[in-house]
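Next comes target34.txt, a file with compact mmCIF, C-alpha atoms.
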```txt
# COMPACT_ATOMS: atom_id res chain seq x y z
CA MET A 1 -2.44 44.65 -33.04
CA ALA A 2 -2.67 43.93 -29.31
CA ALA A 3 -4.65 40.68 -29.60
CA PRO A 4 -2.16 38.70 -31.77
CA HIS A 5 0.76 39.74 -29.56
CA VAL A 6 -1.02 38.72 -26.38
CA SER A 7 -2.21 35.48 -27.98
CA GLY A 8 1.33 34.66 -29.06
CA LEU A 9 2.66 35.30 -25.57
CA ALA A 10 -0.09 33.12 -24.08
CA GLY A 11 1.04 30.28 -26.37
CA LEU A 12 4.66 30.74 -25.28
CA ILE A 13 3.64 30.66 -21.60
CA TYR A 14 1.69 27.42 -22.09
CA SER A 15 4.67 25.94 -23.93
CA ARG A 16 7.12 26.85 -21.17
CA ALA A 17 4.72 25.54 -18.52
CA TYR A 18 4.50 22.24 -20.40
CA GLU A 19 8.31 21.99 -20.43
CA LYS A 20 8.38 22.58 -16.67
CA ASN A 21 5.46 20.19 -16.02
CA ILE A 22 3.38 23.05 -14.55
CA ASN A 23 -0.39 22.77 -14.88
CA LEU A 24 -1.68 26.25 -15.77
CA GLN A 25 -5.27 27.40 -15.99
CA PRO A 26 -6.48 30.25 -18.27
CA GLU A 27 -6.59 32.56 -15.23
CA ASP A 28 -2.93 31.75 -14.58
CA VAL A 29 -1.89 32.76 -18.09
CA GLU A 30 -3.87 36.01 -17.86
CA GLY A 31 -2.44 36.69 -14.41
CA ILE A 32 1.16 36.13 -15.54
CA ILE A 33 0.72 38.46 -18.52
CA ARG A 34 -0.87 41.17 -16.36
CA ALA A 35 1.69 40.81 -13.56
CA THR A 36 4.66 41.21 -15.89
CA ALA A 37 3.22 43.96 -18.12
CA GLU A 38 4.98 47.33 -18.12
CA ASP A 39 2.88 50.29 -16.98
CA VAL A 40 4.29 52.59 -19.66
CA ASN A 41 1.87 55.48 -18.98
CA ALA A 42 2.15 55.30 -15.20
CA SER A 43 3.06 58.99 -14.96
CA GLN A 44 -0.41 59.96 -16.23
CA TYR A 45 -2.55 56.93 -15.45
CA PRO A 46 -0.91 54.68 -12.86
CA GLY A 47 -2.18 51.14 -12.66
CA TYR A 48 -4.89 49.66 -14.84
CA ASP A 49 -6.55 52.26 -17.10
CA ASP A 50 -8.90 52.51 -20.06
CA TYR A 51 -6.14 53.45 -22.50
CA LEU A 52 -3.49 50.75 -22.14
CA GLY A 53 -5.16 48.35 -19.74
CA ALA A 54 -2.51 46.63 -17.61
CA GLY A 55 0.26 48.02 -19.84
CA ARG A 56 2.63 46.74 -22.50
CA ILE A 57 3.33 43.02 -22.41
CA ASN A 58 6.84 41.87 -21.51
CA ALA A 59 7.47 38.43 -22.97
CA TYR A 60 10.92 38.16 -21.41
CA ASP A 61 9.67 38.67 -17.85
CA ALA A 62 6.57 36.53 -18.41
CA LEU A 63 8.74 33.56 -19.39
CA ARG A 64 11.84 33.94 -17.23
CA TYR A 65 9.98 33.56 -13.94
CA PHE A 66 9.39 29.91 -14.81
CA GLU A 67 13.10 29.38 -14.15
CA TYR A 68 12.44 29.92 -10.45
CA PRO A 69 11.10 26.98 -8.42
CA ASN A 70 7.48 27.08 -7.32
CA SER A 71 6.83 30.47 -8.90
CA ILE A 72 3.15 29.48 -9.28
CA ARG A 73 1.63 28.11 -6.07
CA ARG A 74 -2.01 27.20 -5.45
CA TYR A 75 -3.88 27.46 -2.19
CA THR A 76 -7.38 26.45 -1.09
CA VAL A 77 -9.37 28.25 1.63
CA THR A 78 -12.89 27.80 2.96
CA SER A 79 -15.85 30.11 3.43
CA ALA A 80 -16.03 32.30 6.52
CA ASP A 81 -19.02 34.63 6.03
CA TRP A 82 -21.70 35.44 3.47
CA HIS A 83 -24.57 37.82 2.78
CA TYR A 84 -27.48 38.08 0.36
CA CYS A 85 -27.13 40.42 -2.63
CA GLY A 86 -30.67 40.20 -3.97
CA THR A 87 -33.13 37.96 -5.81
CA TYR A 88 -33.33 38.00 -9.63
CA PRO A 89 -35.07 36.04 -12.40
CA LEU A 90 -32.15 34.39 -14.20
CA TRP A 91 -31.68 31.83 -16.92
CA LEU A 92 -29.58 29.01 -15.54
CA ILE A 93 -28.09 26.75 -18.18
CA GLY A 94 -25.63 23.93 -17.72
CA LEU A 95 -25.86 23.58 -13.95
CA PRO A 96 -25.53 19.96 -12.81
CA ASN A 97 -28.80 18.23 -11.87
CA LEU A 98 -30.88 21.30 -12.71
CA PRO A 99 -32.97 21.57 -15.90
CA ASP A 100 -32.06 24.53 -18.15
CA ASP A 101 -34.74 27.12 -17.45
CA GLN A 102 -35.49 30.49 -15.90
CA TYR A 103 -35.63 30.63 -12.10
CA GLN A 104 -35.84 33.03 -9.21
CA VAL A 105 -32.31 33.06 -7.85
CA GLU A 106 -31.22 34.41 -4.49
CA ILE A 107 -27.62 35.52 -4.93
CA CYS A 108 -25.37 35.00 -1.91
CA GLU A 109 -21.87 36.50 -1.83
CA VAL A 110 -19.49 34.19 0.02
CA ARG A 111 -16.09 35.27 1.35
CA SER A 112 -13.12 33.66 3.05
CA ASN A 113 -11.25 34.96 6.07
CA TRP A 114 -8.50 37.50 5.52
CA PHE A 115 -5.12 35.84 5.01
CA SER A 116 -1.51 37.00 4.75
CA LEU A 117 0.94 36.05 2.04
CA PRO A 118 3.76 33.57 2.77
CA THR A 119 6.90 35.00 4.30
CA ASP A 120 9.25 33.06 2.01
CA MET A 121 8.80 35.42 -0.95
CA ILE A 122 11.72 37.34 -2.39
CA GLN A 123 9.43 39.10 -4.86
CA PHE A 124 5.63 39.24 -5.05
CA LEU A 125 4.34 39.28 -8.63
CA GLY A 126 0.60 38.66 -8.53
CA ILE A 127 -2.38 36.81 -7.06
CA TRP A 128 -5.66 35.74 -8.65
CA GLY A 129 -8.59 33.35 -8.21
CA LEU A 130 -9.08 30.07 -10.07
CA GLY A 131 -12.70 29.60 -11.06
CA ARG A 132 -12.36 26.01 -12.26
CA TYR A 133 -11.19 24.83 -8.84
CA THR A 134 -13.50 27.07 -6.80
CA LYS A 135 -16.78 25.73 -5.47
CA GLY A 136 -18.74 28.87 -6.33
CA TYR A 137 -20.27 30.73 -9.26
CA SER A 138 -19.95 34.16 -10.82
CA PHE A 139 -22.45 36.99 -10.72
CA TRP A 140 -22.03 40.47 -12.13
CA SER A 141 -25.50 41.90 -12.67
CA HIS A 142 -29.09 40.73 -12.84
CA GLN A 143 -29.07 42.05 -16.41
CA VAL A 144 -26.35 39.61 -17.47
CA PRO A 145 -27.33 35.94 -17.39
CA TYR A 146 -24.52 33.67 -16.18
CA TYR A 147 -24.72 29.95 -16.40
CA GLY A 148 -22.92 28.51 -13.43
CA GLU A 149 -19.44 29.51 -14.47
CA GLY A 150 -16.87 28.77 -11.75
CA TRP A 151 -15.50 32.03 -10.44
CA CYS A 152 -13.24 33.36 -7.68
CA GLU A 153 -11.93 36.87 -7.04
CA VAL A 154 -9.06 37.82 -4.71
CA VAL A 155 -9.56 41.13 -2.88
CA LYS A 156 -6.84 43.08 -1.07
CA ASN A 157 -7.35 45.08 2.12
CA PRO A 158 -5.46 48.36 1.46
CA THR A 159 -5.07 49.03 5.18
CA THR A 160 -3.69 45.70 6.42
CA GLY A 161 -2.24 44.36 3.16
CA GLN A 162 -4.10 41.08 3.70
CA TYR A 163 -6.23 39.30 1.11
CA ARG A 164 -9.43 37.31 0.96
CA THR A 165 -11.41 35.52 -1.72
CA LYS A 166 -15.03 35.80 -2.77
CA THR A 167 -17.51 34.01 -5.00
CA TYR A 168 -21.29 33.45 -5.16
CA ALA A 169 -23.73 30.68 -4.30
CA TYR A 170 -27.23 30.43 -5.81
CA ALA A 171 -30.41 29.60 -3.87
CA VAL A 172 -32.73 28.48 -6.70
CA TRP A 173 -36.53 28.82 -6.60
CA SER A 174 -39.29 28.36 -9.12
CA LEU A 175 -40.44 31.62 -10.76
CA ASP A 176 -43.53 31.73 -8.52
CA PHE A 177 -41.52 30.88 -5.39
CA THR A 178 -43.63 27.78 -4.70
CA HIS A 179 -40.76 25.33 -4.97
CA PHE A 180 -37.20 25.54 -3.62
CA TYR A 181 -34.79 23.50 -5.73
CA GLY A 182 -31.75 23.92 -3.51
CA TRP A 183 -28.30 25.54 -3.48
CA TRP A 184 -25.88 25.60 -6.41
CA PRO A 185 -23.08 24.66 -6.45
CA CYS A 186 -23.47 24.14 -2.69
CA GLN A 187 -24.56 25.87 0.49
CA PRO A 188 -22.50 28.94 1.44
CA SER A 189 -20.93 27.13 4.38
CA ASP A 190 -19.52 24.46 2.03
CA VAL A 191 -17.91 26.84 -0.48
CA THR A 192 -14.18 26.44 -1.11
CA PHE A 193 -11.91 28.84 -2.96
CA THR A 194 -8.72 28.19 -4.91
CA TYR A 195 -6.27 30.90 -5.87
CA SER A 196 -2.84 31.17 -7.44
CA LEU A 197 0.13 33.09 -6.05
CA PHE A 198 2.83 34.24 -8.49
CA SER A 199 6.12 35.02 -6.77
CA VAL A 200 9.84 34.37 -6.49
CA ASN A 201 10.41 32.28 -3.36
CA VAL A 202 13.05 30.80 -1.13
CA VAL A 203 12.46 27.06 -1.41
CA ALA A 204 12.71 24.95 1.74
CA PRO A 205 15.32 22.23 2.30
CA TYR A 206 14.01 18.68 2.49
CA ASN A 207 14.89 15.17 3.74
CA LEU A 208 16.37 16.46 7.00
CA ARG A 209 17.85 13.51 8.88
CA ALA A 210 20.26 12.57 11.68
CA GLU A 211 23.10 10.12 11.12
CA ASN A 212 26.07 8.78 13.09
CA ILE A 213 24.16 9.10 16.37
CA THR A 214 26.09 8.49 19.60
CA GLN A 215 25.51 9.40 23.24
CA THR A 216 26.89 12.93 22.74
CA SER A 217 26.92 13.63 19.01
CA LEU A 218 25.07 13.33 15.72
CA THR A 219 25.35 14.59 12.14
CA LEU A 220 22.50 16.55 10.56
CA LYS A 221 22.11 16.18 6.80
CA TRP A 222 19.57 17.58 4.32
CA ASN A 223 18.97 18.00 0.61
CA TYR A 224 18.62 21.18 -1.46
CA ASP A 225 18.13 21.54 -5.20
CA TYR A 226 18.75 25.27 -5.83
CA PRO A 227 21.96 26.34 -4.04
CA THR A 228 22.74 29.04 -6.62
CA LEU A 229 19.50 30.88 -5.77
CA ILE A 230 20.17 31.34 -2.04
CA ASP A 231 22.81 32.77 0.29
CA GLY A 232 22.95 29.82 2.67
CA PHE A 233 21.22 27.94 5.50
CA THR A 234 20.30 28.74 9.08
CA VAL A 235 20.10 25.87 11.58
CA LYS A 236 18.17 26.05 14.85
CA ARG A 237 18.15 23.65 17.79
CA ASP A 238 15.26 23.91 20.24
CA GLY A 239 14.41 27.33 18.81
CA ALA A 240 17.89 28.90 19.05
CA VAL A 241 20.19 29.55 16.09
CA ILE A 242 23.27 27.31 16.28
CA ALA A 243 24.77 27.80 12.79
CA ASN A 244 24.68 29.90 9.62
CA LEU A 245 26.12 27.90 6.76
CA PRO A 246 27.02 28.63 3.12
CA ALA A 247 24.75 27.41 0.34
CA ASN A 248 27.09 24.55 -0.62
CA GLN A 249 27.09 22.98 2.87
CA THR A 250 24.21 20.59 3.55
CA GLU A 251 25.34 18.88 6.75
CA LEU A 252 26.28 19.91 10.28
CA GLN A 253 28.19 17.94 12.92
CA GLN A 254 26.76 18.27 16.43
CA SER A 255 28.88 17.38 19.45
CA GLY A 256 28.76 17.97 23.20
CA LEU A 257 25.12 16.87 23.40
CA GLU A 258 23.42 15.33 26.42
CA PRO A 259 23.05 11.53 26.39
CA GLY A 260 19.49 10.30 25.97
CA HIS A 261 18.18 13.79 25.15
CA LEU A 262 15.63 14.63 22.44
CA TYR A 263 16.35 17.75 20.36
CA TYR A 264 14.23 19.66 17.87
CA TYR A 265 16.07 20.85 14.77
CA GLU A 266 15.00 23.31 12.07
CA VAL A 267 16.90 24.08 8.87
CA TYR A 268 15.98 27.17 6.80
CA ALA A 269 17.24 28.30 3.42
CA ARG A 270 17.83 32.06 3.32
CA LYS A 271 18.19 34.79 0.73
CA GLY A 272 19.02 38.14 2.29
CA SER A 273 16.49 38.68 5.06
CA VAL A 274 13.97 36.20 3.57
CA TYR A 275 13.77 32.66 4.93
CA SER A 276 12.10 29.54 3.62
CA SER A 277 9.76 27.41 5.65
CA PRO A 278 11.86 24.99 7.73
CA ALA A 279 12.72 21.37 7.33
CA THR A 280 12.17 19.94 10.83
CA LEU A 281 13.33 16.90 12.76
CA PHE A 282 13.18 15.46 16.28
CA ALA A 283 16.49 13.68 16.90
CA GLY A 284 17.74 12.11 20.11
CA THR A 285 21.09 10.92 21.36
CA VAL A 286 21.72 7.42 22.70
CA PRO A 287 20.97 7.09 26.44
CA THR A 288 23.79 6.02 28.77
CA GLY A 289 21.80 3.81 31.15
CA SER A 290 18.41 2.82 32.45
CA ILE A 291 16.31 2.67 35.56
CA ALA A 292 16.96 -1.09 35.70
CA GLN A 293 20.62 -0.18 36.39
CA SER A 294 21.97 -2.57 33.80
CA ASP A 295 25.29 -1.77 32.14
CA TYR A 296 24.20 -3.87 29.18
CA PRO A 297 22.57 -1.52 26.58
CA LYS A 298 19.61 -3.83 26.05
CA MET A 299 18.34 -3.26 29.61
CA SER A 300 18.57 -6.97 30.40
CA ALA A 301 18.59 -6.78 34.21
CA TYR A 302 17.71 -10.28 35.42
CA ASN A 303 14.63 -9.55 37.46
CA THR A 304 10.91 -9.29 36.93
CA ASN A 305 10.70 -5.55 37.61
CA CYS A 306 9.79 -2.93 34.98
CA LYS A 307 12.39 -2.07 32.39
CA ILE A 308 12.30 1.41 30.86
CA VAL A 309 13.83 3.13 27.86
CA ARG A 310 13.27 6.49 26.18
CA GLY A 311 12.92 6.35 22.40
CA TYR A 312 14.27 8.95 20.01
CA ASP A 313 10.69 10.21 19.70
CA GLY A 314 10.84 11.25 23.38
CA LYS A 315 8.29 8.66 24.52
CA ILE A 316 9.02 6.46 27.53
CA HIS A 317 8.53 2.72 26.87
CA ILE A 318 8.07 0.29 29.77
CA ILE A 319 7.86 -3.51 30.01
CA TYR A 320 7.64 -5.95 32.89
CA TYR A 321 7.46 -9.73 33.13
CA ASP A 322 4.96 -11.42 35.44
CA GLY A 323 6.48 -14.89 35.02
CA ILE A 324 4.17 -15.80 32.13
CA TYR A 325 3.48 -12.75 29.97
CA VAL A 326 5.38 -9.64 28.90
CA ARG A 327 3.38 -6.47 29.60
CA TYR A 328 4.01 -3.23 27.72
CA SER A 329 3.04 0.48 28.06
CA PHE A 330 4.30 3.79 26.68
CA SER A 331 3.92 7.47 27.50
CA THR A 332 1.34 9.37 25.50
CA ASP A 333 2.75 12.82 26.32
CA ASN A 334 5.82 13.99 28.22
CA GLY A 335 5.89 11.05 30.62
CA THR A 336 3.00 11.84 32.96
CA THR A 337 0.32 9.83 31.12
CA PHE A 338 0.74 6.25 29.91
CA SER A 339 -1.23 3.92 27.67
CA PRO A 340 -3.05 0.96 29.29
CA TRP A 341 -0.86 -2.07 29.96
CA GLU A 342 -0.89 -4.36 26.94
CA THR A 343 -0.12 -8.07 26.92
CA VAL A 344 2.57 -8.45 24.28
CA CYS A 345 3.39 -12.14 24.31
CA PRO A 346 4.14 -15.12 26.55
CA SER A 347 7.76 -15.72 27.43
CA ASP A 348 9.74 -18.37 29.26
CA THR A 349 12.79 -16.14 29.72
CA ILE A 350 13.46 -12.78 31.32
CA PRO A 351 12.67 -10.11 28.65
CA ALA A 352 14.47 -6.86 27.95
CA ILE A 353 13.67 -3.73 25.96
CA ALA A 354 16.12 -2.20 23.47
CA LEU A 355 16.43 0.57 20.89
CA ASP A 356 17.40 -0.24 17.32
CA ASN A 357 19.64 2.07 15.25
CA SER A 358 16.71 4.31 14.36
CA GLY A 359 15.65 4.69 17.99
CA THR A 360 12.61 2.41 17.74
CA PRO A 361 12.05 0.21 20.82
CA TRP A 362 11.61 -3.55 20.57
CA ILE A 363 11.44 -6.42 23.01
CA ILE A 364 14.00 -9.22 23.05
CA ASN A 365 14.08 -12.67 24.66
CA ALA A 366 10.36 -12.89 23.88
CA THR A 367 9.55 -11.70 20.36
CA HIS A 368 10.14 -8.58 18.32
CA TYR A 369 7.45 -6.06 19.09
CA TRP A 370 7.14 -2.65 17.49
CA PRO A 371 4.97 -0.29 19.58
```
With the file now loaded, output its structure as C-alpha cells.
Amino acid sequence: MAAPHVSGLAGLIYSRAYEKNINLQPEDVEGIIRATAEDVNASQYPGYDDYLGAGRINAYDALRYFEYPNSIRRYTVTSADWHYCGTYPLWLIGLPNLPDDQYQVEICEVRSNWFSLPTDMIQFLGIWGLGRYTKGYSFWSHQVPYYGEGWCEVVKNPTTGQYRTKTYAYAVWSLDFTHFYGWWPCQPSDVTFTYSLFSVNVVAPYNLRAENITQTSLTLKWNYDYPTLIDGFTVKRDGAVIANLPANQTELQQSGLEPGHLYYYEVYARKGSVYSSPATLFAGTVPTGSIAQSDYPKMSAYNTNCKIVRGYDGKIHIIYYDGIYVRYSFSTDNGTTFSPWETVCPSDTIPAIALDNSGTPWIINATHYWP
C-alpha cells in the first residue's frame, strides 16, 4: 500500500507547487517527500534502512512548507576536479549527435568544490541534485547500461558539514579504440551542476532607497512582504549597527549626518539569531559648497577654472571651460585616478556643474550631459 499513498502525495505536492507558481522537477518531489518523512523506527534503524526506507510519509509537513517563501531554491555550480573511473563497453542510446550503438566509454567522475549552505536558514530540510539541469550523465556500474540520463548527486562532508556535487562525463571511443568520437555531454572542465535546497529561510528586504535627502539628513525606506514571519530588521551604516527595528517598521530617519558624505547602508531581516542577506544602498547627503567657492548650489563661479562636485555615487566630477569647449572628467576610484578629459560640447557662456535630485551630475549653460 505504500506506492498509492506516495503517488497521491506526489500529486498533492505538484498541485500546491502549481498554485504557488513553483516549477518542481521529479527530484524535487522525491526530495520533499523524503525530507518530511517520519523515521518511525529510528530507535532500531536510524536514518534510511531496508525496512521502511526514509520512513512514513507526512503529507501535512510536505505541503505546509510551501507556505514559506523561497522554501525551494536552486543553485548552479561548476566543475572543480575530476578523475577516471574506468573504461567499459556500453550501449549509448539517445545521446545527441551520436548514433545509437555500443562504444568503449571512459567514465570520468566530475565534482564541484565544497560549498557551505546559506546562513539565512531557520530550518534545513533537505538538499538534492537536479539531473535535468545538470550538464553531466549518470553511471552506476559497467553492468548496467545507461543512456545519457542527466544526473547529479549532492555529497556531504561529515567532518566539515560542507557539501559538493558530482556527476559523470563520457569519453566515447569506437569498440576497437581506433576512433575517438568526443566527450558527452561535454568535457569535464565544462560540466555544470544544479541542485535544490529545501529550507525555511529569512527572506531579504528589497527596494532599499533614500528619500528626503538634505545636507545632514535622509530617510531610508524599504519593502518587505512577510512581516509576520520575522522578528524585525537590523540596519547598518558603514558596517556598524545603528538600529534594530520591529517587523512593522520599514523606514528609518537619519539625522546629524555630514554634508556631502557618501554612506553605505545595509538592512537585514532577522528571526532570532538568523539574518537574511542584506538589501544594500550607497546614499550621500547634499554637499554644502565646492572648490569653486560659489555660494550658488550649481557651482556657477564666473571664471574659466575647473568646477568640481561629488556625486551621490562618491565619484568626483570635474569640468572646465577653455573659451570654446566644455571639458569633462570624473574619478574612476576614490579620487586619485581620473578618466581622460572629454570634450562635451561647445559653449558661448560660462558653464557650471550641478547635481539633480537623485545625485546625478549634469552640465548647465551648455547642454545637459549625463556622465
Can you pull out every residue within 8 Å of A:Leu262, counting only C-alpha atoms, but drop anything in the same chain fewer than 6 positions away, and send it as a PyMOL selection string?
chain A and resi 282-285+312-314
Residue nearest A:Asp101 among A:Asn212, A:His83, A:Trp173, A:Glu27 (counting all atoms listed in the file):
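Smallest separation from A:Asp101 among the options: A:Trp173.
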Please measure the separation of atom CA of A:Thr192 and atom CA of A:Ala80, giving the value in Å to one decimal.
9.8 Å
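Atom CA of A:Ile72 is positioned 18.9 Å from atom CA of A:Ile57.
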Nearest residue to A:Trp183 out of A:Ala269, A:Cys85, A:Ile213, A:Val105, using all atoms listed in the file?
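Between A:Ala269, A:Cys85, A:Ile213, A:Val105, the residue approaching A:Trp183 most closely is A:Val105.
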Of the listed residues A:Thr36, A:Gln187, A:Ser199, A:Gln253, that which approaches A:Glu211 most closely, counting all atoms listed in the file
A:Gln253
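Shortest separation to A:Thr78 among A:Ala171, A:Val40, A:Ile324, A:Val110 occurs at residue A:Val110, atoms counted being all atoms listed in the file.
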Centre, x/y/z edge lengths, axis-aligned box for stretch 59-75 of chain A with 6 Å per side, as AutoDock Vina command-line options:
```
--center_x 4.6 --center_y 32.8 --center_z -12.6 --size_x 29.0 --size_y 23.7 --size_z 32.8
```
Considering only C-alpha atoms, state which residue in the set A:Gly86, A:Ser71, A:Leu92, A:Thr216 is at the smallest distance from A:Glu106.
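For A:Glu106, the nearest of the given residues is A:Gly86.
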